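**Q** Below is the file query_19.txt, which contains compact mmCIF, C-alpha atoms.
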# COMPACT_ATOMS: atom_id res chain seq x y z
CA MET A 1 0.00 0.00 0.00
CA THR A 2 1.36 3.43 -0.98
CA GLY A 3 -0.08 6.90 -1.38
CA SER A 4 1.02 10.45 -1.93
CA ASN A 5 0.01 14.02 -2.63
CA ALA A 6 2.00 17.16 -3.48
CA HIS A 7 3.56 17.43 0.02
CA THR A 8 3.25 13.94 1.56
CA ARG A 9 4.23 10.36 0.79
CA TRP A 10 3.19 7.25 2.70
CA TRP A 11 3.52 3.47 2.46
CA ALA A 12 3.30 0.34 4.59
CA ASP A 13 6.43 -1.67 5.42
CA GLY A 14 5.09 -4.90 6.92
CA ALA A 15 3.07 -3.99 10.01
CA VAL A 16 4.62 -0.50 10.12
CA GLY A 17 3.25 2.48 8.21
CA VAL A 18 5.61 5.29 7.17
CA ILE A 19 4.57 8.90 6.52
CA VAL A 20 7.03 11.42 5.06
CA LEU A 21 6.34 15.17 5.07
CA ASP A 22 7.76 15.97 1.67
CA ASN A 23 8.06 19.67 0.97
CA PRO A 24 11.71 20.32 1.83
CA PRO A 25 13.79 22.08 2.87
CA MET A 26 11.58 22.96 5.88
CA ASN A 27 8.54 20.72 5.30
CA VAL A 28 6.28 23.52 6.55
CA LEU A 29 2.69 22.65 7.35
CA SER A 30 0.41 22.95 4.34
CA ASP A 31 -3.08 21.87 3.44
CA ASP A 32 -1.49 19.04 1.46
CA ASN A 33 0.62 17.54 4.22
CA ARG A 34 -2.06 18.09 6.87
CA ARG A 35 -4.53 16.22 4.69
CA GLY A 36 -1.85 13.68 3.73
CA ILE A 37 -1.29 12.71 7.37
CA ARG A 38 -5.00 12.18 7.93
CA GLU A 39 -5.46 10.18 4.72
CA ALA A 40 -2.42 8.03 5.44
CA LEU A 41 -3.64 7.20 8.96
CA ALA A 42 -7.09 6.32 7.63
CA GLU A 43 -5.53 3.97 5.06
CA PHE A 44 -3.21 2.42 7.66
CA ARG A 45 -6.20 1.81 9.92
CA GLY A 46 -7.92 -0.06 7.09
CA ALA A 47 -4.76 -2.06 6.36
CA GLY A 48 -4.28 -3.22 9.98
CA THR A 49 -1.02 -1.34 10.48
CA ARG A 50 0.23 -1.70 14.06
CA ALA A 51 2.64 1.22 14.39
CA VAL A 52 3.52 4.28 12.32
CA VAL A 53 6.72 6.26 11.71
CA LEU A 54 6.39 9.97 10.83
CA THR A 55 9.39 11.87 9.47
CA GLY A 56 10.42 14.78 7.24
CA ALA A 57 12.14 14.69 3.86
CA GLY A 58 15.67 16.04 3.49
CA ASP A 59 18.18 16.70 6.25
CA ARG A 60 17.18 20.16 7.49
CA ALA A 61 13.79 19.75 9.06
CA PHE A 62 11.27 17.32 10.48
CA CYS A 63 8.68 20.07 10.19
CA GLY A 64 9.24 23.81 10.30
CA GLY A 65 5.74 24.56 11.54
CA ALA A 66 3.20 26.87 10.00
CA ASP A 67 3.93 28.58 6.74
CA LEU A 68 4.54 32.16 7.89
CA LYS A 69 3.17 33.49 4.60
CA GLU A 70 -0.06 31.60 5.22
CA GLU A 71 -0.09 32.86 8.79
CA GLU A 72 0.50 36.46 7.73
CA GLU A 73 -2.60 36.46 5.58
CA LEU A 74 -4.89 35.23 8.34
CA THR A 75 -7.71 37.52 9.40
CA THR A 76 -10.02 37.36 12.39
CA GLU A 77 -12.46 35.56 10.09
CA THR A 78 -10.01 32.94 8.81
CA VAL A 79 -7.87 32.27 11.89
CA GLY A 80 -10.46 29.95 13.42
CA LYS A 81 -10.47 27.76 10.32
CA PHE A 82 -6.65 27.76 10.31
CA LEU A 83 -6.45 26.57 13.93
CA GLN A 84 -9.12 23.98 13.27
CA ARG A 85 -7.22 22.53 10.29
CA GLY A 86 -4.14 22.16 12.47
CA ASP A 87 -6.10 20.64 15.33
CA GLU A 88 -7.76 18.05 13.08
CA THR A 89 -4.34 16.78 12.06
CA PHE A 90 -2.81 16.87 15.54
CA ARG A 91 -5.87 15.08 16.94
CA ALA A 92 -5.66 12.45 14.21
CA LEU A 93 -2.17 11.51 15.47
CA ARG A 94 -3.20 11.61 19.10
CA GLU A 95 -6.37 9.60 18.62
CA TYR A 96 -5.01 7.06 16.14
CA GLU A 97 -5.26 3.73 17.98
CA ARG A 98 -1.71 2.61 17.23
CA PRO A 99 1.44 4.29 18.52
CA ILE A 100 3.21 6.77 16.23
CA VAL A 101 6.98 7.18 16.31
CA ALA A 102 8.35 10.56 15.17
CA ALA A 103 11.76 10.33 13.49
CA VAL A 104 12.99 13.87 14.12
CA ASN A 105 15.58 14.42 11.39
CA GLY A 106 16.15 18.17 11.87
CA TRP A 107 14.18 21.21 13.00
CA ALA A 108 10.86 20.66 14.76
CA MET A 109 9.57 24.10 15.59
CA GLY A 110 6.28 25.80 16.32
CA GLY A 111 3.49 23.73 14.82
CA GLY A 112 6.16 21.22 13.72
CA LEU A 113 7.05 20.69 17.36
CA VAL A 114 3.38 20.20 18.16
CA LEU A 115 3.27 17.53 15.47
CA ALA A 116 6.29 15.75 16.98
CA LEU A 117 4.98 16.07 20.54
CA TRP A 118 1.61 14.53 19.71
CA CYS A 119 3.40 11.45 18.42
CA ASP A 120 3.85 8.76 21.08
CA VAL A 121 7.59 8.24 20.95
CA ARG A 122 10.22 10.52 19.41
CA VAL A 123 13.66 9.44 18.24
CA GLY A 124 16.04 11.98 16.80
CA SER A 125 19.17 12.31 14.74
CA THR A 126 22.09 14.32 16.09
CA ARG A 127 20.76 17.10 13.83
CA ALA A 128 17.41 17.30 15.64
CA LYS A 129 16.56 20.73 17.04
CA LEU A 130 13.37 21.41 18.96
CA GLY A 131 11.96 24.89 19.42
CA ALA A 132 8.75 26.00 21.15
CA VAL A 133 9.15 29.17 19.13
CA GLY A 134 5.57 30.41 19.43
CA VAL A 135 6.49 33.02 22.02
CA LYS A 136 9.27 34.36 19.83
CA VAL A 137 6.76 35.34 17.19
CA GLY A 138 4.24 36.66 19.67
CA LEU A 139 2.08 33.56 19.50
CA MET A 140 1.46 30.47 21.51
CA ALA A 141 2.05 26.87 20.43
CA SER A 142 2.83 23.54 22.10
CA ASN A 143 1.83 24.78 25.58
CA VAL A 144 -0.62 21.98 26.17
CA GLN A 145 1.70 19.29 24.83
CA LEU A 146 4.84 20.39 26.66
CA SER A 147 3.01 20.79 29.96
CA ARG A 148 1.79 17.23 29.67
CA LEU A 149 5.00 15.66 28.43
CA LEU A 150 7.31 17.42 30.87
CA PHE A 151 6.88 18.65 34.37
CA GLU A 152 6.04 22.27 34.92
CA GLY A 153 9.54 23.58 35.63
CA ARG A 154 10.98 22.24 32.41
CA ALA A 155 7.92 23.18 30.36
CA ARG A 156 8.05 26.77 31.56
CA ASP A 157 11.72 27.06 30.63
CA LEU A 158 11.08 26.01 27.06
CA LEU A 159 7.78 27.86 26.56
CA LEU A 160 8.77 31.19 28.06
CA THR A 161 12.13 31.43 26.29
CA GLY A 162 11.38 29.69 23.00
CA ARG A 163 15.00 28.58 23.07
CA THR A 164 16.41 25.87 20.83
CA VAL A 165 16.82 22.45 22.40
CA GLU A 166 19.57 20.44 20.70
CA ALA A 167 19.33 16.66 20.36
CA ASP A 168 21.39 15.76 23.44
CA GLU A 169 19.42 18.00 25.76
CA ALA A 170 16.15 16.81 24.25
CA HIS A 171 17.24 13.25 25.07
CA ARG A 172 18.07 14.19 28.64
CA LEU A 173 14.68 15.91 29.03
CA GLY A 174 12.88 12.87 27.66
CA LEU A 175 11.56 14.71 24.59
CA LEU A 176 13.64 12.34 22.46
CA SER A 177 13.87 8.69 23.51
CA SER A 178 17.10 8.08 21.64
CA VAL A 179 19.55 10.01 19.46
CA VAL A 180 21.51 8.41 16.60
CA ALA A 181 23.60 9.49 13.61
CA PRO A 182 21.47 10.92 10.76
CA GLU A 183 22.08 7.93 8.48
CA ARG A 184 20.83 5.56 11.19
CA LEU A 185 17.67 7.50 12.12
CA MET A 186 15.15 5.58 10.00
CA ASP A 187 16.53 2.22 11.16
CA GLU A 188 16.21 3.38 14.74
CA ALA A 189 12.64 4.63 14.27
CA MET A 190 11.66 1.42 12.44
CA ALA A 191 13.16 -0.65 15.28
CA TRP A 192 10.98 1.18 17.84
CA ALA A 193 7.94 0.78 15.60
CA ARG A 194 8.59 -2.95 15.08
CA ASP A 195 9.10 -3.49 18.83
CA ILE A 196 5.68 -1.93 19.31
CA ALA A 197 4.12 -3.80 16.37
CA ILE A 198 4.99 -7.27 17.72
CA ARG A 199 3.21 -6.67 21.05
CA PRO A 200 -0.45 -7.66 21.52
CA PRO A 201 -2.32 -4.96 19.55
CA ASP A 202 -5.29 -4.69 21.92
CA LEU A 203 -2.98 -4.21 24.90
CA VAL A 204 -0.93 -1.57 23.05
CA ALA A 205 -4.10 0.30 22.07
CA ALA A 206 -5.33 0.17 25.68
CA LEU A 207 -1.96 1.45 26.89
CA LYS A 208 -1.95 4.37 24.42
CA GLN A 209 -5.47 5.29 25.49
CA ALA A 210 -4.58 5.08 29.20
CA LEU A 211 -1.38 7.07 28.73
CA ASN A 212 -3.18 9.76 26.72
CA THR A 213 -5.79 10.31 29.41
CA ALA A 214 -3.83 9.58 32.61
CA LEU A 215 -3.32 13.29 33.35
CA ASP A 216 -6.86 14.38 32.55
CA PRO A 217 -8.53 16.06 35.51
CA ILE A 218 -10.55 13.68 37.59
CA ALA A 219 -14.13 14.86 37.92
CA GLU A 220 -14.82 13.33 41.32
CA PRO A 221 -12.38 14.37 44.06
CA ALA A 222 -10.98 11.44 46.02
CA PRO A 223 -12.10 11.06 49.64
CA ARG A 224 -9.71 12.72 52.07
CA MET B 225 14.67 -4.55 45.45
CA GLU B 226 14.30 -3.56 49.06
CA ILE B 227 11.88 -1.03 50.53
CA VAL B 228 12.99 0.56 53.78
CA GLU B 229 10.88 2.88 55.89
CA ALA B 230 12.25 5.92 57.70
CA ALA B 231 10.09 8.48 59.50
CA GLY B 232 7.05 7.13 57.66
CA ILE B 233 8.66 7.54 54.21
CA ASN B 234 9.14 4.46 52.04
CA VAL B 235 12.46 4.40 50.22
CA ALA B 236 12.97 1.84 47.43
CA LEU B 237 16.52 0.61 46.95
CA VAL B 238 17.08 -1.18 43.65
CA ALA B 239 20.30 -3.17 43.36
CA GLY B 240 19.54 -5.50 40.43
CA ARG B 241 16.65 -6.36 38.13
CA CYS B 242 13.37 -4.66 38.98
CA ALA B 243 10.45 -6.00 36.94
CA GLY B 244 6.86 -7.18 37.25
CA ALA B 245 5.50 -7.03 40.81
CA ASP B 246 8.69 -5.33 42.03
CA PHE B 247 8.23 -2.63 39.38
CA ALA B 248 4.66 -2.01 40.57
CA ARG B 249 5.87 -1.78 44.20
CA LEU B 250 8.64 0.58 43.12
CA LEU B 251 6.05 3.05 41.83
CA GLU B 252 4.29 3.12 45.20
CA ALA B 253 7.45 4.06 47.13
CA ASP B 254 7.99 7.69 48.13
CA LEU B 255 11.66 7.81 47.10
CA ARG B 256 13.55 5.63 44.62
CA ILE B 257 17.32 5.07 44.62
CA ALA B 258 19.24 2.71 42.33
CA GLY B 259 22.60 1.03 42.35
CA ASP B 260 24.47 1.45 39.07
CA GLY B 261 23.76 -2.16 38.08
CA ALA B 262 19.98 -1.83 38.39
CA THR B 263 17.62 -2.45 35.47
CA PHE B 264 13.94 -1.61 35.19
CA SER B 265 11.15 -3.18 33.17
CA ALA B 266 7.38 -2.97 33.40
CA GLY B 267 7.18 -6.41 31.76
CA GLY B 268 5.06 -8.78 33.84
CA VAL B 269 3.16 -6.24 35.94
CA ALA B 270 -0.25 -7.63 36.91
CA ASP B 271 -2.21 -4.61 35.63
CA PRO B 272 -0.40 -2.86 32.75
CA VAL B 273 -3.07 -0.20 32.27
CA ALA B 274 -3.05 0.84 35.95
CA CYS B 275 0.74 0.89 35.71
CA ALA B 276 0.49 3.18 32.67
CA VAL B 277 -1.66 5.68 34.55
CA ARG B 278 0.58 5.55 37.62
CA LEU B 279 3.76 6.02 35.56
CA THR B 280 2.32 8.95 33.60
CA ARG B 281 1.40 10.75 36.79
CA LEU B 282 4.82 10.02 38.23
CA LEU B 283 7.05 10.82 35.26
CA GLY B 284 4.96 12.65 32.69
CA GLU B 285 3.62 11.26 29.48
CA ALA B 286 6.82 11.19 27.41
CA ALA B 287 8.80 9.10 29.88
CA ALA B 288 5.88 6.77 30.58
CA LYS B 289 5.37 6.08 26.88
CA GLU B 290 9.09 5.50 26.37
CA LEU B 291 9.10 2.89 29.15
CA LEU B 292 5.85 1.13 28.36
CA LEU B 293 4.95 1.06 24.69
CA ALA B 294 7.89 -0.91 23.36
CA ASP B 295 8.47 -2.75 26.66
CA ARG B 296 12.13 -1.75 26.75
CA THR B 297 14.37 -2.34 29.75
CA ALA B 298 15.92 0.82 31.22
CA ASP B 299 19.35 0.73 32.83
CA ALA B 300 20.16 2.88 35.86
CA ALA B 301 21.34 5.84 33.76
CA ASN B 302 18.14 5.87 31.69
CA ALA B 303 16.00 5.43 34.82
CA LEU B 304 17.68 8.52 36.23
CA ARG B 305 17.15 10.46 33.00
CA LEU B 306 13.47 9.54 32.93
CA GLY B 307 12.99 10.37 36.61
CA LEU B 308 12.09 6.79 37.56
CA VAL B 309 14.81 7.01 40.22
CA THR B 310 16.22 10.23 41.61
CA ARG B 311 19.68 8.96 42.54
CA VAL B 312 22.13 6.40 41.22
CA VAL B 313 25.02 5.29 43.44
CA PRO B 314 27.61 2.53 43.09
CA GLY B 315 25.89 -0.78 43.93
CA SER B 316 28.24 -1.33 46.87
CA ALA B 317 27.20 2.03 48.38
CA LEU B 318 23.41 1.38 48.40
CA GLY B 319 23.30 0.37 52.07
CA GLU B 320 25.27 3.36 53.21
CA THR B 321 23.15 5.70 51.04
CA ALA B 322 20.00 4.23 52.58
CA ARG B 323 21.27 4.87 56.12
CA ASP B 324 22.21 8.43 55.16
CA VAL B 325 18.79 9.15 53.61
CA ALA B 326 17.00 7.65 56.63
CA GLU B 327 19.01 9.83 58.98
CA ARG B 328 18.15 12.96 57.02
CA LEU B 329 14.45 12.07 56.98
CA ARG B 330 14.42 11.48 60.75
CA ALA B 331 15.96 14.92 61.29
CA LEU B 332 12.98 16.66 59.63
CA PRO B 333 9.93 17.91 61.55
CA PRO B 334 7.63 14.86 61.56
CA LEU B 335 4.28 16.63 61.20
CA ALA B 336 5.36 18.59 58.15
CA LEU B 337 7.05 15.56 56.62
CA SER B 338 3.96 13.38 56.91
CA ALA B 339 1.73 16.22 55.67
CA VAL B 340 3.87 16.66 52.56
CA ARG B 341 3.92 12.91 51.97
CA ASP B 342 0.13 12.68 52.33
CA ALA B 343 -0.53 15.75 50.16
CA VAL B 344 1.72 14.49 47.38
CA ARG B 345 0.14 11.04 47.49
CA ALA B 346 -3.38 12.50 47.57
CA ALA B 347 -2.63 14.86 44.67
CA ARG B 348 -2.45 11.83 42.38
CA ALA B 349 -6.22 11.58 42.57
CA LEU B 350 -7.17 15.26 42.85
CA THR B 351 -7.88 18.07 40.41
CA PRO B 352 -5.30 20.90 40.62
CA GLY B 353 -7.82 23.08 42.49
CA ASP B 354 -8.59 20.40 45.08
CA ALA B 355 -4.87 19.65 45.48
CA LEU B 356 -4.23 23.32 46.23
CA ALA B 357 -7.12 23.43 48.72
CA LEU B 358 -5.64 20.40 50.49
CA GLU B 359 -2.23 22.07 50.61
CA HIS B 360 -3.74 25.18 52.18
CA GLU B 361 -5.54 23.06 54.75
CA HIS B 362 -2.20 21.46 55.77
CA PHE B 363 -0.46 24.84 55.80
CA ARG B 364 -2.99 26.40 58.16
CA ARG B 365 -2.53 23.49 60.55
CA LEU B 366 1.28 23.33 60.32
CA ILE B 367 1.90 27.03 60.88
CA ALA B 368 0.43 26.64 64.39
CA THR B 369 2.72 23.76 65.43
CA GLN B 370 5.53 23.93 68.01
CA ASP B 371 7.92 22.43 65.46
CA HIS B 372 7.34 25.33 63.07
CA LYS B 373 8.04 27.86 65.83
CA ALA B 374 11.13 25.86 66.86
CA ALA B 375 12.45 25.86 63.29
CA VAL B 376 12.03 29.65 62.97
CA ALA B 377 13.66 30.26 66.37
CA ALA B 378 16.59 27.97 65.51
CA PHE B 379 17.05 29.74 62.17
CA PHE B 380 17.42 33.14 63.84
CA ALA B 381 19.59 31.73 66.64
CA ARG B 382 21.76 29.97 64.01
CA ARG B 383 21.52 26.57 65.66
CA GLU B 384 20.14 23.16 64.68
CA PRO B 385 16.46 22.80 65.57
CA ALA B 386 15.18 19.88 67.65
CA PHE B 387 11.72 18.68 66.63
CA THR B 388 9.22 17.03 68.93
CA GLY B 389 6.35 16.26 66.58
CA GLN B 390 4.14 18.73 68.45
Written as structure tokens, that's how I'd like the structure from this file.
**A**
Amino acid sequence: MTGSNAHTRWWADGAVGVIVLDNPPMNVLSDDNRRGIREALAEFRGAGTRAVVLTGAGDRAFCGGADLKEEEELTTETVGKFLQRGDETFRALREYERPIVAAVNGWAMGGGLVLALWCDVRVGSTRAKLGAVGVKVGLMASNVQLSRLLFEGRARDLLLTGRTVEADEAHRLGLLSSVVAPERLMDEAMAWARDIAIRPPDLVAALKQALNTALDPIAEPAPR
Amino acid sequence: MEIVEAAGINVALVAGRCAGADFARLLEADLRIAGDGATFSAGGVADPVACAVRLTRLLGEAAAKELLLADRTADAANALRLGLVTRVVPGSALGETARDVAERLRALPPLALSAVRDAVRAARALTPGDALALEHEHFRRLIATQDHKAAVAAFFARREPAFTGQ
């Protein structure tokens, strides 16, 4: 099974699906790759894929985030639609029943960082650079994800400064689960995906669901 | 794995392989310390989904997913990186480290120590607002204790405080 559009390519490799954001050098978010991700996941679901790898084409970026030209043209009338298109794609990754491994091959910034953070496991090359750059451009992005993935102290550091986190630090923080040489990145990501794919699929789906919701507020306070 | 109790605080000491039921017990301890030869795996826990929720609350979502989804074994260095343990010492120094930690815990004011332990444990099941309300409740009680007054007096007198649990 393979598919593609102007900015996305996808195929299945055994039980593992692969999605490549393919509008280098920065692989910025576009209607094509947002739709491509959703279409690929829908096809993988139909094909019984058990884990997915998401990566960017080229060696500069995983995903550079929103297209600033697109963003510049937003008006109060169109911004809602813009946010909704992003959310649909991010939610598709989050709610997809099978784990998704991000292979972070370069920059993941702004909306590109959100994309990486909503994947379940992230592995990076030594070229990976993560930036919660929203604040630097007077916006807000990846607040919700970083506050869930990290503890508050670390999340505040990254969100309030927008500073660049290089691969080694990202590994130490837990934002990347492993860091390897660029030429080994896809092998590493596929190894994680295959390790996940050989486990009982119902258990893995239950784990993803439990892990996604473990930090949700509990409606009923516990007895004191 | 050994769990020792000091001043009402459970300290887990992991020298070797910690998996299955031991891994579940590890997550219930208040403090976790590893020897450098320790390894950690959630494989074989009785209730993997409960373990997933517990780990996420303990370590955050990224670390919990790294540990659970591919069922990888973490060595002591990775356990430290993920926050699963807070200290790694040479395996031969685990006993001495445990005695040192116990001594430090026993030197703390007991009422405040148990209040912090209870509030942190309770926060696992509370909304942020309820957790804050519980903290305030403890604070109002603790500020009236003899031990609090003793600690303030000792600070200004530049001496070590002695706590009575009153």
**Q** For chain B, report every residue with an atom at most 9 Å from chain A (counting all atoms listed in the file), formatted as a PyMOL selection string.
**A** chain B and resi 272-274+276-281+283-290+292-296+302+305-306+346+349-352+354+358
**Q** Here's a test: counting all atoms listed in the file, identify every protein, DNA and RNA residue with an atom at most 8 Å from (0.4, 18.8, -3.3) in the file's coordinate frame, and state them as a PyMOL selection string.
**A** chain A and resi 5-8+32-33
**Q** Grab the CA of Leu282 (chain B) to CA of Gly111 (chain A) distance for me, in Å with one decimal place.
**A**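 It comes out at 27.2 Å.
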**Q** Excluding region 333-339 of chain B and its own-chain neighbours fewer than 5 positions away, which residues fall within 9 Å of it when counting all atoms listed in the file? Please give them as JSON, numbers by chain.
**A** {"B": [231, 232, 233, 344, 359, 362, 363, 366, 369, 371, 372, 375, 386, 387, 388, 389, 390]}
**Q** Can you tell me, as number ranges by chain, which residues sit within 12 Å of (-3.9, 0.8, 7.5) in the file's frame, using all atoms listed in the file?
**A** A: 1-3, 10-19, 38-52, 96-98
**Q** Next, write the just-selected residues to a file, as a PDB file, in the coordinates of the input, keeping C-alpha atoms as the atom set.
**A**
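Below is the file that was written, part02.pdb:
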ATOM      1  CA  MET A   1       0.000   0.000   0.000  1.00  0.00           C
ATOM      2  CA  THR A   2       1.360   3.430  -0.980  1.00  0.00           C
ATOM      3  CA  GLY A   3      -0.080   6.900  -1.380  1.00  0.00           C
ATOM      4  CA  TRP A  10       3.190   7.250   2.700  1.00  0.00           C
ATOM      5  CA  TRP A  11       3.520   3.470   2.460  1.00  0.00           C
ATOM      6  CA  ALA A  12       3.300   0.340   4.590  1.00  0.00           C
ATOM      7  CA  ASP A  13       6.430  -1.670   5.420  1.00  0.00           C
ATOM      8  CA  GLY A  14       5.090  -4.900   6.920  1.00  0.00           C
ATOM      9  CA  ALA A  15       3.070  -3.990  10.010  1.00  0.00           C
ATOM     10  CA  VAL A  16       4.620  -0.500  10.120  1.00  0.00           C
ATOM     11  CA  GLY A  17       3.250   2.480   8.210  1.00  0.00           C
ATOM     12  CA  VAL A  18       5.610   5.290   7.170  1.00  0.00           C
ATOM     13  CA  ILE A  19       4.570   8.900   6.520  1.00  0.00           C
ATOM     14  CA  ARG A  38      -5.000  12.180   7.930  1.00  0.00           C
ATOM     15  CA  GLU A  39      -5.460  10.180   4.720  1.00  0.00           C
ATOM     16  CA  ALA A  40      -2.420   8.030   5.440  1.00  0.00           C
ATOM     17  CA  LEU A  41      -3.640   7.200   8.960  1.00  0.00           C
ATOM     18  CA  ALA A  42      -7.090   6.320   7.630  1.00  0.00           C
ATOM     19  CA  GLU A  43      -5.530   3.970   5.060  1.00  0.00           C
ATOM     20  CA  PHE A  44      -3.210   2.420   7.660  1.00  0.00           C
ATOM     21  CA  ARG A  45      -6.200   1.810   9.920  1.00  0.00           C
ATOM     22  CA  GLY A  46      -7.920  -0.060   7.090  1.00  0.00           C
ATOM     23  CA  ALA A  47      -4.760  -2.060   6.360  1.00  0.00           C
ATOM     24  CA  GLY A  48      -4.280  -3.220   9.980  1.00  0.00           C
ATOM     25  CA  THR A  49      -1.020  -1.340  10.480  1.00  0.00           C
ATOM     26  CA  ARG A  50       0.230  -1.700  14.060  1.00  0.00           C
ATOM     27  CA  ALA A  51       2.640   1.220  14.390  1.00  0.00           C
ATOM     28  CA  VAL A  52       3.520   4.280  12.320  1.00  0.00           C
ATOM     29  CA  TYR A  96      -5.010   7.060  16.140  1.00  0.00           C
ATOM     30  CA  GLU A  97      -5.260   3.730  17.980  1.00  0.00           C
ATOM     31  CA  ARG A  98      -1.710   2.610  17.230  1.00  0.00           C
TER      32      ARG A  98
END
**Q** CA of Asp254 (chain B) and CA of Gln370 (chain B) are how many Å apart?
**A**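 These two atoms are separated by 25.8 Å.
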**Q** How many Å separate CA of Leu185 (chain A) from CA of Ala102 (chain A)?
**A**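 CA of Leu185 (chain A) sits 10.3 Å away from CA of Ala102 (chain A).
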**Q** I'd like the contact shell of Ala317 (chain B) - 12 Å cut-off, only C-alpha atoms, skipping same-chain residues fewer than 5 positions apart - returned as a ChimeraX atom specification.
**A** /B:237-239,257-261,311-312,322-324
**Q** Of the candidates A:Ala132, A:Val114, A:Ala103, A:Ala57, which shows the shortest atom-to-atom distance to Ala181 (chain A), using all atoms listed in the file?
**A**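 Of A:Ala132, A:Val114, A:Ala103, A:Ala57, the one nearest Ala181 (chain A), counting all atoms listed in the file, is A:Ala103.
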**Q** What are the centre and the three edge lengths of an axis-aligned box that wraps all atoms of region 352-369 of chain B in the file, given that 5 Å is added to every side, written as AutoDock Vina command-line options and rounded to one decimal in Å?
**A**
--center_x -2.9 --center_y 23.3 --center_z 53.0 --size_x 21.3 --size_y 17.4 --size_z 34.8
**Q** Which of these, A:Ala92, A:Leu21, A:Val144, A:Leu115, has the shortest distance to Gly58 (chain A) once you count only C-alpha atoms?
**A** A:Leu21
**Q** From the list B:Gly268, B:Val228, B:Arg383, B:Pro314, which residue is nearest Asp246 (chain B) when using only C-alpha atoms?
**A**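 Using only C-alpha atoms, Asp246 (chain B) sits closest to B:Gly268.
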**Q** Have a look at B:Leu329, B:Leu304, B:Arg341, B:Arg241 and name the one nearest to Ala253 (chain B); count only C-alpha atoms.
**A**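 Using only C-alpha atoms, Ala253 (chain B) sits closest to B:Arg341.
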**Q** From the options A:Val53, A:Ala66, A:Ala155, A:Met109, which residue's atoms come nearest to Arg34 (chain A), counting only C-alpha atoms?
**A**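 Closest to Arg34 (chain A) of all the choices is A:Ala66.
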**Q** Name the closest residue to Arg184 (chain A) among the candidates A:Ala116, A:Val123, A:Val101, A:Val28; distances are taken between atoms, counting all atoms listed in the file.
**A**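 Checking each of A:Ala116, A:Val123, A:Val101, A:Val28 against Arg184 (chain A), counting all atoms listed in the file, the winner is A:Val123.
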**Q** Excluding Leu159 (chain A) and its own-chain neighbours fewer than 4 positions away, which residues fall within 10 Å of it when counting all atoms listed in the file? Please give them as JSON, numbers by chain.
**A** {"A": [131, 132, 133, 134, 135, 136, 140, 141, 142, 143, 146, 147, 154, 155, 163]}
**Q** Output file request: region 56-94 of chain A, with C-alpha atoms, as a PDB file, in the first residue's frame.
**A**
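The file below, out_16.pdb, is the result:
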ATOM      1  CA  GLY A  56      10.415  14.783   7.240  1.00  0.00           C
ATOM      2  CA  ALA A  57      12.145  14.690   3.858  1.00  0.00           C
ATOM      3  CA  GLY A  58      15.670  16.038   3.486  1.00  0.00           C
ATOM      4  CA  ASP A  59      18.179  16.703   6.247  1.00  0.00           C
ATOM      5  CA  ARG A  60      17.180  20.161   7.493  1.00  0.00           C
ATOM      6  CA  ALA A  61      13.788  19.752   9.065  1.00  0.00           C
ATOM      7  CA  PHE A  62      11.266  17.322  10.480  1.00  0.00           C
ATOM      8  CA  CYS A  63       8.677  20.070  10.191  1.00  0.00           C
ATOM      9  CA  GLY A  64       9.240  23.812  10.299  1.00  0.00           C
ATOM     10  CA  GLY A  65       5.736  24.557  11.540  1.00  0.00           C
ATOM     11  CA  ALA A  66       3.197  26.866  10.001  1.00  0.00           C
ATOM     12  CA  ASP A  67       3.935  28.582   6.736  1.00  0.00           C
ATOM     13  CA  LEU A  68       4.539  32.163   7.894  1.00  0.00           C
ATOM     14  CA  LYS A  69       3.169  33.487   4.601  1.00  0.00           C
ATOM     15  CA  GLU A  70      -0.063  31.600   5.217  1.00  0.00           C
ATOM     16  CA  GLU A  71      -0.091  32.862   8.791  1.00  0.00           C
ATOM     17  CA  GLU A  72       0.499  36.461   7.728  1.00  0.00           C
ATOM     18  CA  GLU A  73      -2.602  36.458   5.580  1.00  0.00           C
ATOM     19  CA  LEU A  74      -4.891  35.232   8.342  1.00  0.00           C
ATOM     20  CA  THR A  75      -7.713  37.517   9.395  1.00  0.00           C
ATOM     21  CA  THR A  76     -10.022  37.360  12.390  1.00  0.00           C
ATOM     22  CA  GLU A  77     -12.457  35.563  10.093  1.00  0.00           C
ATOM     23  CA  THR A  78     -10.013  32.939   8.810  1.00  0.00           C
ATOM     24  CA  VAL A  79      -7.871  32.268  11.895  1.00  0.00           C
ATOM     25  CA  GLY A  80     -10.463  29.953  13.418  1.00  0.00           C
ATOM     26  CA  LYS A  81     -10.465  27.762  10.316  1.00  0.00           C
ATOM     27  CA  PHE A  82      -6.649  27.758  10.306  1.00  0.00           C
ATOM     28  CA  LEU A  83      -6.454  26.570  13.925  1.00  0.00           C
ATOM     29  CA  GLN A  84      -9.123  23.975  13.269  1.00  0.00           C
ATOM     30  CA  ARG A  85      -7.218  22.526  10.287  1.00  0.00           C
ATOM     31  CA  GLY A  86      -4.145  22.164  12.473  1.00  0.00           C
ATOM     32  CA  ASP A  87      -6.104  20.636  15.329  1.00  0.00           C
ATOM     33  CA  GLU A  88      -7.761  18.052  13.081  1.00  0.00           C
ATOM     34  CA  THR A  89      -4.338  16.782  12.062  1.00  0.00           C
ATOM     35  CA  PHE A  90      -2.812  16.867  15.540  1.00  0.00           C
ATOM     36  CA  ARG A  91      -5.868  15.080  16.943  1.00  0.00           C
ATOM     37  CA  ALA A  92      -5.660  12.450  14.210  1.00  0.00           C
ATOM     38  CA  LEU A  93      -2.172  11.505  15.469  1.00  0.00           C
ATOM     39  CA  ARG A  94      -3.197  11.606  19.103  1.00  0.00           C
TER      40      ARG A  94
END
